[in-house]
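File shown: target02.txt (compact mmCIF, C-alpha atoms).
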```txt
# COMPACT_ATOMS: atom_id res chain seq x y z
CA MET A 225 -4.28 -153.82 11.35
CA ARG A 226 -6.44 -154.19 8.28
CA GLU A 227 -8.13 -150.81 8.89
CA VAL A 228 -4.80 -149.07 9.09
CA SER A 229 -3.57 -150.35 5.76
CA LEU A 230 -6.92 -149.39 4.20
CA THR A 231 -6.51 -145.83 5.38
CA ARG A 232 -3.03 -145.63 4.10
CA THR A 233 -4.11 -146.50 0.60
CA GLY A 234 -7.15 -144.24 0.95
CA CYS A 235 -5.12 -141.26 2.02
CA ARG A 236 -2.51 -141.75 -0.62
CA ARG A 237 -5.28 -141.62 -3.14
CA GLU A 238 -6.62 -138.50 -1.46
CA ARG A 239 -3.40 -136.70 -2.18
CA ARG A 240 -4.02 -137.46 -5.82
CA GLY A 241 -7.40 -135.78 -5.48
CA ARG A 242 -9.90 -138.32 -4.15
CA PRO A 243 -10.98 -136.99 -0.75
CA VAL A 244 -14.03 -139.25 -0.52
CA ALA A 245 -11.93 -142.39 -0.55
CA CYS A 246 -9.87 -140.96 2.27
CA LEU A 247 -12.96 -140.11 4.32
CA VAL A 248 -14.34 -143.60 3.88
CA ALA A 249 -11.03 -145.10 4.89
CA LEU A 250 -10.77 -142.73 7.84
CA ALA A 251 -14.22 -143.76 9.01
CA ALA A 252 -13.18 -147.39 8.71
CA LEU A 253 -10.13 -146.56 10.80
CA VAL A 254 -12.06 -144.72 13.50
CA PHE A 255 -14.86 -147.26 13.88
CA GLY A 256 -12.65 -150.24 13.26
CA VAL A 257 -10.21 -149.17 15.94
CA THR A 258 -12.99 -148.53 18.46
CA ALA A 259 -14.13 -152.10 18.00
CA ALA A 260 -10.61 -153.50 18.04
CA TYR A 261 -9.72 -151.66 21.24
CA ALA A 262 -12.95 -152.52 23.13
CA VAL A 263 -11.85 -152.89 26.72
CA ASP A 264 -14.20 -155.64 27.70
CA PRO A 265 -14.24 -158.94 25.83
CA THR A 266 -16.75 -160.57 28.20
CA GLN A 267 -19.32 -162.76 26.48
CA LEU A 268 -22.25 -164.13 28.47
CA PRO A 269 -23.88 -167.34 27.25
CA ASP A 270 -27.35 -165.82 26.86
CA PRO A 271 -27.90 -162.81 24.54
CA ALA A 272 -30.48 -161.32 26.93
CA LEU A 273 -27.99 -161.55 29.78
CA GLN A 274 -25.31 -160.09 27.55
CA GLU A 275 -27.55 -157.13 26.79
CA ARG A 276 -28.30 -156.54 30.48
CA TYR A 277 -24.57 -156.85 31.21
CA ARG A 278 -23.81 -154.32 28.48
CA ALA A 279 -26.40 -151.85 29.80
CA LEU A 280 -25.32 -152.20 33.44
CA THR A 281 -21.61 -151.83 32.78
CA HIS A 282 -22.40 -148.65 30.84
CA GLU A 283 -24.37 -147.07 33.66
CA LEU A 284 -21.87 -147.77 36.43
CA ARG A 285 -19.10 -145.29 36.97
CA CYS A 286 -15.48 -146.34 37.12
CA MET A 287 -14.56 -144.84 40.47
CA GLN A 288 -10.89 -144.55 39.59
CA CYS A 289 -11.30 -142.62 36.35
CA GLN A 290 -14.49 -140.93 37.31
CA ASN A 291 -15.90 -139.87 33.97
CA GLU A 292 -15.76 -143.29 32.38
CA ALA A 293 -18.16 -146.18 32.68
CA ILE A 294 -16.73 -149.46 33.93
CA ALA A 295 -17.47 -150.86 30.47
CA ASP A 296 -14.97 -148.49 28.88
CA SER A 297 -12.24 -148.35 31.46
CA PRO A 298 -9.03 -150.39 31.22
CA VAL A 299 -8.13 -150.01 34.93
CA SER A 300 -8.14 -153.13 37.04
CA LEU A 301 -10.82 -151.94 39.47
CA ALA A 302 -13.22 -151.53 36.54
CA ALA A 303 -12.40 -155.09 35.46
CA ASP A 304 -13.12 -156.30 39.00
CA LEU A 305 -16.44 -154.48 39.07
CA ARG A 306 -17.37 -155.93 35.66
CA ARG A 307 -16.57 -159.36 37.06
CA GLU A 308 -18.95 -158.68 39.97
CA VAL A 309 -21.68 -157.61 37.54
CA ARG A 310 -21.13 -160.71 35.40
CA ASP A 311 -21.11 -163.07 38.38
CA MET A 312 -24.25 -161.54 39.85
CA LEU A 313 -26.11 -161.75 36.52
CA LEU A 314 -25.01 -165.36 36.07
CA ALA A 315 -26.23 -166.06 39.62
CA GLY A 316 -29.67 -164.84 38.55
CA LYS A 317 -29.62 -161.48 40.34
CA SER A 318 -31.73 -158.63 39.00
CA ASP A 319 -30.37 -155.36 37.59
CA GLU A 320 -31.62 -153.62 40.73
CA ASP A 321 -29.69 -156.11 42.90
CA VAL A 322 -26.51 -155.21 41.01
CA ARG A 323 -27.15 -151.48 41.42
CA ASN A 324 -27.90 -151.90 45.13
CA PHE A 325 -24.71 -153.93 45.57
CA MET A 326 -22.67 -151.15 43.98
CA VAL A 327 -24.42 -148.29 45.79
CA ALA A 328 -24.00 -150.05 49.16
CA ARG A 329 -20.24 -150.03 48.60
CA TYR A 330 -19.51 -146.94 46.57
CA GLY A 331 -22.50 -144.69 47.17
CA ASP A 332 -24.88 -143.04 44.71
CA PHE A 333 -21.92 -141.54 42.89
CA ILE A 334 -21.32 -144.85 41.11
CA LEU A 335 -24.62 -144.53 39.25
CA PHE A 336 -24.48 -142.36 36.14
CA ARG A 337 -28.25 -142.03 36.41
CA PRO A 338 -28.80 -140.79 39.96
CA ARG A 339 -31.75 -142.06 41.94
CA PHE A 340 -34.38 -140.00 43.67
CA ASN A 341 -33.68 -139.80 47.40
CA ALA A 342 -34.29 -137.49 50.36
CA ARG A 343 -30.98 -135.71 49.87
CA ASN A 344 -31.39 -134.86 46.20
CA ALA A 345 -35.18 -134.49 46.21
CA TRP A 346 -34.97 -130.70 46.02
CA LEU A 347 -32.80 -131.02 42.93
CA TRP A 348 -35.35 -133.21 41.19
CA MET A 349 -38.19 -130.90 42.24
CA ALA A 350 -36.41 -127.65 41.35
CA PRO A 351 -37.36 -127.53 37.63
CA GLY A 352 -41.05 -128.07 38.43
CA VAL A 353 -41.01 -125.50 41.23
CA LEU A 354 -39.21 -122.97 39.02
CA LEU A 355 -41.70 -123.59 36.20
CA LEU A 356 -44.57 -123.03 38.65
CA VAL A 357 -43.02 -119.79 39.95
CA GLY A 358 -42.48 -118.64 36.37
CA ALA A 359 -46.09 -119.43 35.50
CA LEU A 360 -47.37 -117.50 38.54
CA VAL A 361 -45.23 -114.48 37.66
CA PHE A 362 -46.46 -114.69 34.06
CA VAL A 363 -50.12 -114.84 35.15
CA ARG A 364 -49.67 -111.86 37.48
CA VAL A 365 -47.95 -109.76 34.83
CA VAL A 366 -50.67 -110.57 32.29
CA GLN A 367 -53.38 -109.75 34.82
CA ARG A 368 -51.77 -106.40 35.69
CA ARG A 369 -51.39 -105.44 32.06
CA SER A 370 -54.94 -106.36 31.17
CA ALA A 371 -56.10 -104.31 34.19
CA LEU A 372 -54.13 -101.35 32.80
CA VAL A 373 -55.78 -101.73 29.41
CA SER A 374 -59.31 -101.85 30.82
CA GLU A 375 -58.69 -98.72 32.95
CA ASP A 376 -57.18 -96.89 30.03
CA ASN A 377 -60.18 -96.90 27.69
CA GLU A 378 -59.82 -93.29 26.58
CA PRO A 379 -59.30 -92.83 22.83
CA LEU A 380 -55.71 -92.72 21.67
CA GLU A 381 -55.90 -89.10 20.56
CA GLU A 382 -56.63 -87.96 24.10
CA ASP A 383 -53.54 -89.76 25.30
CA ALA A 384 -51.52 -87.95 22.68
CA ARG A 385 -52.83 -84.57 23.80
CA THR A 386 -51.85 -85.00 27.47
CA MET B 58 -37.88 -100.36 46.34
CA ASN B 59 -40.35 -103.19 46.53
CA ARG B 60 -39.62 -104.42 43.04
CA PHE B 61 -36.03 -105.26 44.05
CA VAL B 62 -37.03 -107.49 46.93
CA LEU B 63 -37.95 -110.56 44.87
CA PRO B 64 -34.88 -110.61 42.56
CA LEU B 65 -32.60 -109.84 45.50
CA GLY B 66 -34.22 -112.61 47.53
CA LEU B 67 -33.80 -115.06 44.65
CA PHE B 68 -30.18 -114.02 44.25
CA ALA B 69 -29.53 -114.56 47.96
CA LEU B 70 -31.20 -117.98 47.81
CA LEU B 71 -29.11 -118.98 44.78
CA ALA B 72 -25.93 -117.75 46.49
CA VAL B 73 -26.73 -119.83 49.58
CA VAL B 74 -27.49 -122.97 47.53
CA LEU B 75 -24.31 -122.63 45.46
CA GLY B 76 -22.32 -121.79 48.59
CA ILE B 77 -23.46 -125.00 50.25
CA GLY B 78 -22.59 -126.88 47.07
CA ILE B 79 -19.05 -125.49 47.03
CA LYS B 80 -18.59 -126.08 50.75
CA HIS B 81 -19.64 -129.72 50.45
CA SER B 82 -18.02 -130.45 47.13
CA PRO B 83 -15.61 -133.35 47.47
CA ASP B 84 -12.06 -132.26 48.02
CA LYS B 85 -9.82 -133.07 45.05
CA GLY B 86 -12.20 -135.74 43.79
CA THR B 87 -12.29 -137.58 47.11
CA ILE B 88 -15.53 -139.49 47.38
CA ALA B 89 -17.15 -139.69 50.79
CA SER B 90 -17.42 -143.29 51.95
CA VAL B 91 -20.89 -144.69 52.48
CA LEU B 92 -19.32 -147.01 55.03
CA ILE B 93 -18.86 -144.38 57.75
CA GLY B 94 -21.09 -145.30 60.69
CA LYS B 95 -21.72 -148.78 59.25
CA PRO B 96 -20.21 -152.12 60.23
CA ALA B 97 -16.87 -152.86 58.59
CA PRO B 98 -17.41 -155.60 55.96
CA GLN B 99 -16.46 -159.08 57.10
CA PHE B 100 -13.53 -160.90 55.59
CA SER B 101 -11.54 -164.03 56.13
CA LEU B 102 -8.35 -164.01 54.06
CA PRO B 103 -4.96 -165.70 54.10
CA SER B 104 -2.22 -163.96 56.01
CA LEU B 105 0.67 -162.55 53.98
CA THR B 106 3.32 -163.20 56.59
CA ASP B 107 2.18 -166.63 57.73
CA ALA B 108 0.65 -168.84 55.04
CA SER B 109 -0.85 -171.18 57.63
CA ARG B 110 -2.83 -168.37 59.25
CA THR B 111 -6.06 -166.66 58.30
CA VAL B 112 -6.82 -163.04 59.07
CA ARG B 113 -10.45 -162.74 60.16
CA SER B 114 -12.33 -159.50 60.71
CA THR B 115 -14.27 -161.14 63.55
CA ALA B 116 -11.02 -161.67 65.47
CA LEU B 117 -10.45 -157.89 65.37
CA ARG B 118 -13.62 -157.12 67.29
CA GLY B 119 -13.32 -155.47 70.66
CA ARG B 120 -10.53 -153.01 69.88
CA TRP B 121 -9.70 -150.07 67.70
CA TYR B 122 -7.66 -150.69 64.55
CA LEU B 123 -6.61 -148.98 61.36
CA PHE B 124 -7.36 -150.94 58.21
CA ASN B 125 -4.90 -149.91 55.51
CA VAL B 126 -5.34 -150.93 51.87
CA TRP B 127 -2.08 -151.05 49.92
CA GLY B 128 -0.16 -152.84 47.19
CA THR B 129 3.41 -152.91 45.95
CA TRP B 130 2.19 -151.65 42.55
CA CYS B 131 1.00 -148.46 44.22
CA GLY B 132 3.55 -145.66 44.24
CA GLU B 133 1.75 -143.57 46.81
CA CYS B 134 1.82 -146.50 49.22
CA ARG B 135 5.60 -146.22 49.26
CA ALA B 136 5.18 -142.53 50.06
CA GLU B 137 2.97 -143.24 53.06
CA HIS B 138 5.02 -146.16 54.38
CA SER B 139 7.24 -144.11 56.68
CA MET B 140 4.11 -142.57 58.20
CA LEU B 141 2.70 -146.04 58.81
CA LEU B 142 5.92 -147.01 60.57
CA GLU B 143 5.51 -143.92 62.75
CA VAL B 144 1.97 -144.97 63.59
CA ARG B 145 3.30 -148.35 64.63
CA GLN B 146 5.97 -146.65 66.74
CA ALA B 147 3.34 -144.53 68.45
CA GLY B 148 1.67 -147.74 69.56
CA VAL B 149 -1.73 -146.10 69.93
CA VAL B 150 -3.66 -148.23 67.48
CA PRO B 151 -2.70 -151.39 65.58
CA LEU B 152 -2.49 -151.40 61.78
CA ILE B 153 -4.13 -154.20 59.83
CA GLY B 154 -3.07 -154.30 56.20
CA LEU B 155 -5.00 -155.41 53.14
CA ASP B 156 -2.60 -156.33 50.36
CA TRP B 157 -4.78 -155.55 47.37
CA LYS B 158 -4.33 -157.43 44.07
CA ASP B 159 -0.66 -158.01 44.59
CA GLU B 160 2.00 -160.67 44.26
CA ASP B 161 2.70 -162.25 47.63
CA ALA B 162 6.45 -162.46 47.00
CA ASP B 163 6.64 -158.77 46.04
CA ALA B 164 4.63 -157.78 49.10
CA ARG B 165 6.81 -159.85 51.43
CA SER B 166 10.03 -158.36 50.11
CA TRP B 167 8.46 -154.88 50.32
CA LEU B 168 7.82 -155.39 54.02
CA ALA B 169 11.25 -156.94 54.55
CA GLN B 170 12.89 -153.97 52.84
CA LEU B 171 10.86 -151.04 54.16
CA GLY B 172 9.84 -152.46 57.52
CA ASN B 173 6.54 -153.98 58.55
CA PRO B 174 4.17 -151.57 60.27
CA TYR B 175 1.30 -154.08 60.32
CA GLU B 176 0.12 -156.35 63.07
CA ALA B 177 -1.36 -158.58 60.37
CA VAL B 178 -1.72 -158.38 56.60
CA ALA B 179 -4.63 -160.01 54.79
CA VAL B 180 -4.13 -160.97 51.16
CA ASP B 181 -6.92 -159.90 48.78
CA ARG B 182 -5.77 -161.39 45.48
CA GLU B 183 -9.18 -161.17 43.80
CA GLY B 184 -9.91 -157.67 45.04
CA ARG B 185 -13.33 -158.66 46.39
CA THR B 186 -12.76 -157.48 49.94
CA ALA B 187 -11.52 -154.14 48.60
CA ILE B 188 -14.78 -153.82 46.66
CA ASP B 189 -16.74 -154.61 49.83
CA TYR B 190 -14.93 -151.71 51.47
CA GLY B 191 -15.70 -149.41 48.55
CA VAL B 192 -12.00 -148.95 47.84
CA TYR B 193 -11.39 -147.07 44.60
CA GLY B 194 -7.67 -146.53 44.80
CA ALA B 195 -4.75 -147.30 47.04
CA PRO B 196 -3.80 -146.33 49.63
CA GLU B 197 -6.95 -145.96 51.68
CA THR B 198 -7.13 -146.16 55.46
CA PHE B 199 -10.19 -146.95 57.60
CA LEU B 200 -10.49 -146.45 61.35
CA VAL B 201 -12.67 -149.14 62.93
CA ASN B 202 -13.93 -148.99 66.52
CA PRO B 203 -14.28 -151.89 69.01
CA GLN B 204 -17.91 -152.44 67.93
CA GLY B 205 -16.63 -153.05 64.39
CA ILE B 206 -18.08 -149.79 63.04
CA VAL B 207 -16.12 -147.77 60.47
CA VAL B 208 -15.56 -144.38 62.10
CA TYR B 209 -13.36 -142.63 59.58
CA LYS B 210 -11.81 -143.11 56.16
CA TYR B 211 -8.75 -141.43 54.72
CA VAL B 212 -8.10 -141.56 50.97
CA GLY B 213 -4.54 -141.23 49.71
CA PRO B 214 -1.18 -141.54 51.43
CA LEU B 215 -1.65 -141.04 55.15
CA THR B 216 -0.20 -137.72 56.23
CA ARG B 217 0.99 -136.67 59.66
CA GLU B 218 -1.69 -134.00 59.60
CA ALA B 219 -4.47 -136.54 59.00
CA TRP B 220 -3.04 -138.79 61.69
CA GLU B 221 -2.75 -136.05 64.29
CA ARG B 222 -5.79 -133.95 63.47
CA GLN B 223 -8.31 -136.54 62.24
CA ILE B 224 -7.47 -139.96 63.58
CA LEU B 225 -5.89 -139.37 66.99
CA PRO B 226 -8.76 -137.20 68.29
CA LEU B 227 -11.20 -139.99 67.41
CA LEU B 228 -9.30 -142.52 69.51
CA PRO B 229 -9.79 -142.89 73.23
CA THR B 230 -6.84 -141.99 75.47
CA ARG B 231 -3.69 -144.06 75.05
CA GLN B 232 -4.25 -146.26 78.09
CA ALA B 233 -7.81 -147.09 77.11
CA ALA B 234 -6.81 -147.99 73.55
CA ARG B 235 -4.24 -150.43 74.87
```
As structure tokens:
Amino acid sequence: MREVSLTRTGCRRERRGRPVACLVALAALVFGVTAAYAVDPTQLPDPALQERYRALTHELRCMQCQNEAIADSPVSLAADLRREVRDMLLAGKSDEDVRNFMVARYGDFILFRPRFNARNAWLWMAPGVLLLVGALVFVRVVQRRSALVSEDNEPLEEDART
Amino acid sequence: MNRFVLPLGLFALLAVVLGIGIKHSPDKGTIASVLIGKPAPQFSLPSLTDASRTVRSTALRGRWYLFNVWGTWCGECRAEHSMLLEVRQAGVVPLIGLDWKDEDADARSWLAQLGNPYEAVAVDREGRTAIDYGVYGAPETFLVNPQGIVVYKYVGPLTREAWERQILPLLPTRQAAR
């Protein structure tokens, strides 16, 4: 609420020719609102746990609204999954335990950072393989051209005459 | 001629890779279940229709059943309800319901009003069993075989087409299922 009233004053001033004040107020509005509307109020007792909780809930996909992390999603399934993360962390489980729990139920798709496995191995390898192919092609082209130059050691003028 | 072979080959390879990608891309955002071919997660939950009873997954062993996740808050569940009643009518395979994150009173009046297609309904107030099943929206329907293995999953309101073309062919003949 406070941010909104700030902006109002700021923008009224802007109309009288003070754009900077408006921008500052607008920034306050944007960032203030983001904080005020944070979906997840969960607080864990230990700051280290809280940080792990924050990181995990940001790397797990909300399966209902598939381009959002469970940390940012207001749907009830995301809240349930956050509760699972919280409970597992409080029970002393590792980050990997939490990820495994989620993958066992929802598949790799739930991870925003996909893991290396047999099915996607070719995808992970592809850039390296392509780079290697490119390098080989480059070497061959350079070799061919340098071969051309060494064969063609006649003076330039002779070339021009033919 | 020779100089075209490599680019053409690469193009063909790319076309094949992208073709496979398109062919296997999930239909309308449907996510393939990791549960197919795996044991159906265990649960032991209160029964919606009889507060003194518990619905246990272990008691369902030894026969085929459809496990249907629904809730009164879910509009598409209303849309599929008549199909569920048809499935019950057909009598080929029993329906076990999972009332997901719902109010018991609402769910009971829903069944009283629309008809009850379920042999039993388990109440999942906390939504933990739904998470165990990898449910990401309602309705979802799982086909479980007598060994307790999930054979098939259908996401969204069950259609006659899915019932006739996907589920029925997976079931043994009528007599054997009974």
**Study point:** Close residues, Val74 in chain B itself excluded, 12 Å, only C-alpha atoms, min 6 positions apart in chain, as a ChimeraX atom specification
**Key:** /A:346-347,350 /B:67-68,80-81
Practice item. May I ask you to extract the residues of chain B within 12 Å of chain A, using only C-alpha atoms, and to give them as JSON, numbers by chain? Key: {"B": [63, 67, 71, 74, 78, 83, 85, 86, 87, 88, 89, 90, 91, 92, 93, 95, 96, 97, 98, 130, 157, 158, 159, 182, 183, 184, 185, 186, 187, 188, 189, 190, 191, 192, 193, 194, 195]}
Practice item. Have a look at CA of Leu200 in chain B and CA of Pro174 in chain B and let me know their distance in Å, one decimal. Key: 15.6 Å
Review point. Trp127 in chain B: which residues within 7 Å, counting all atoms listed in the file, same-chain residues fewer than 2 positions away excluded, as a list in words?
Key: Asn125, Cys131, Cys134, Leu155, Asp156, Trp157, Ala195 and Pro196 of chain B
Practice item. Would you work out the distance separating CA of Thr115 in chain B from CA of Val309 in chain A, expressed in Å to one decimal? Key: 27.3 Å
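Remark: for Leu123 in chain B, the closest of the candidate residues B:Leu105, B:Ala147, B:Ile224, B:Ala162 is B:Ile224 (distances computed over only C-alpha atoms).
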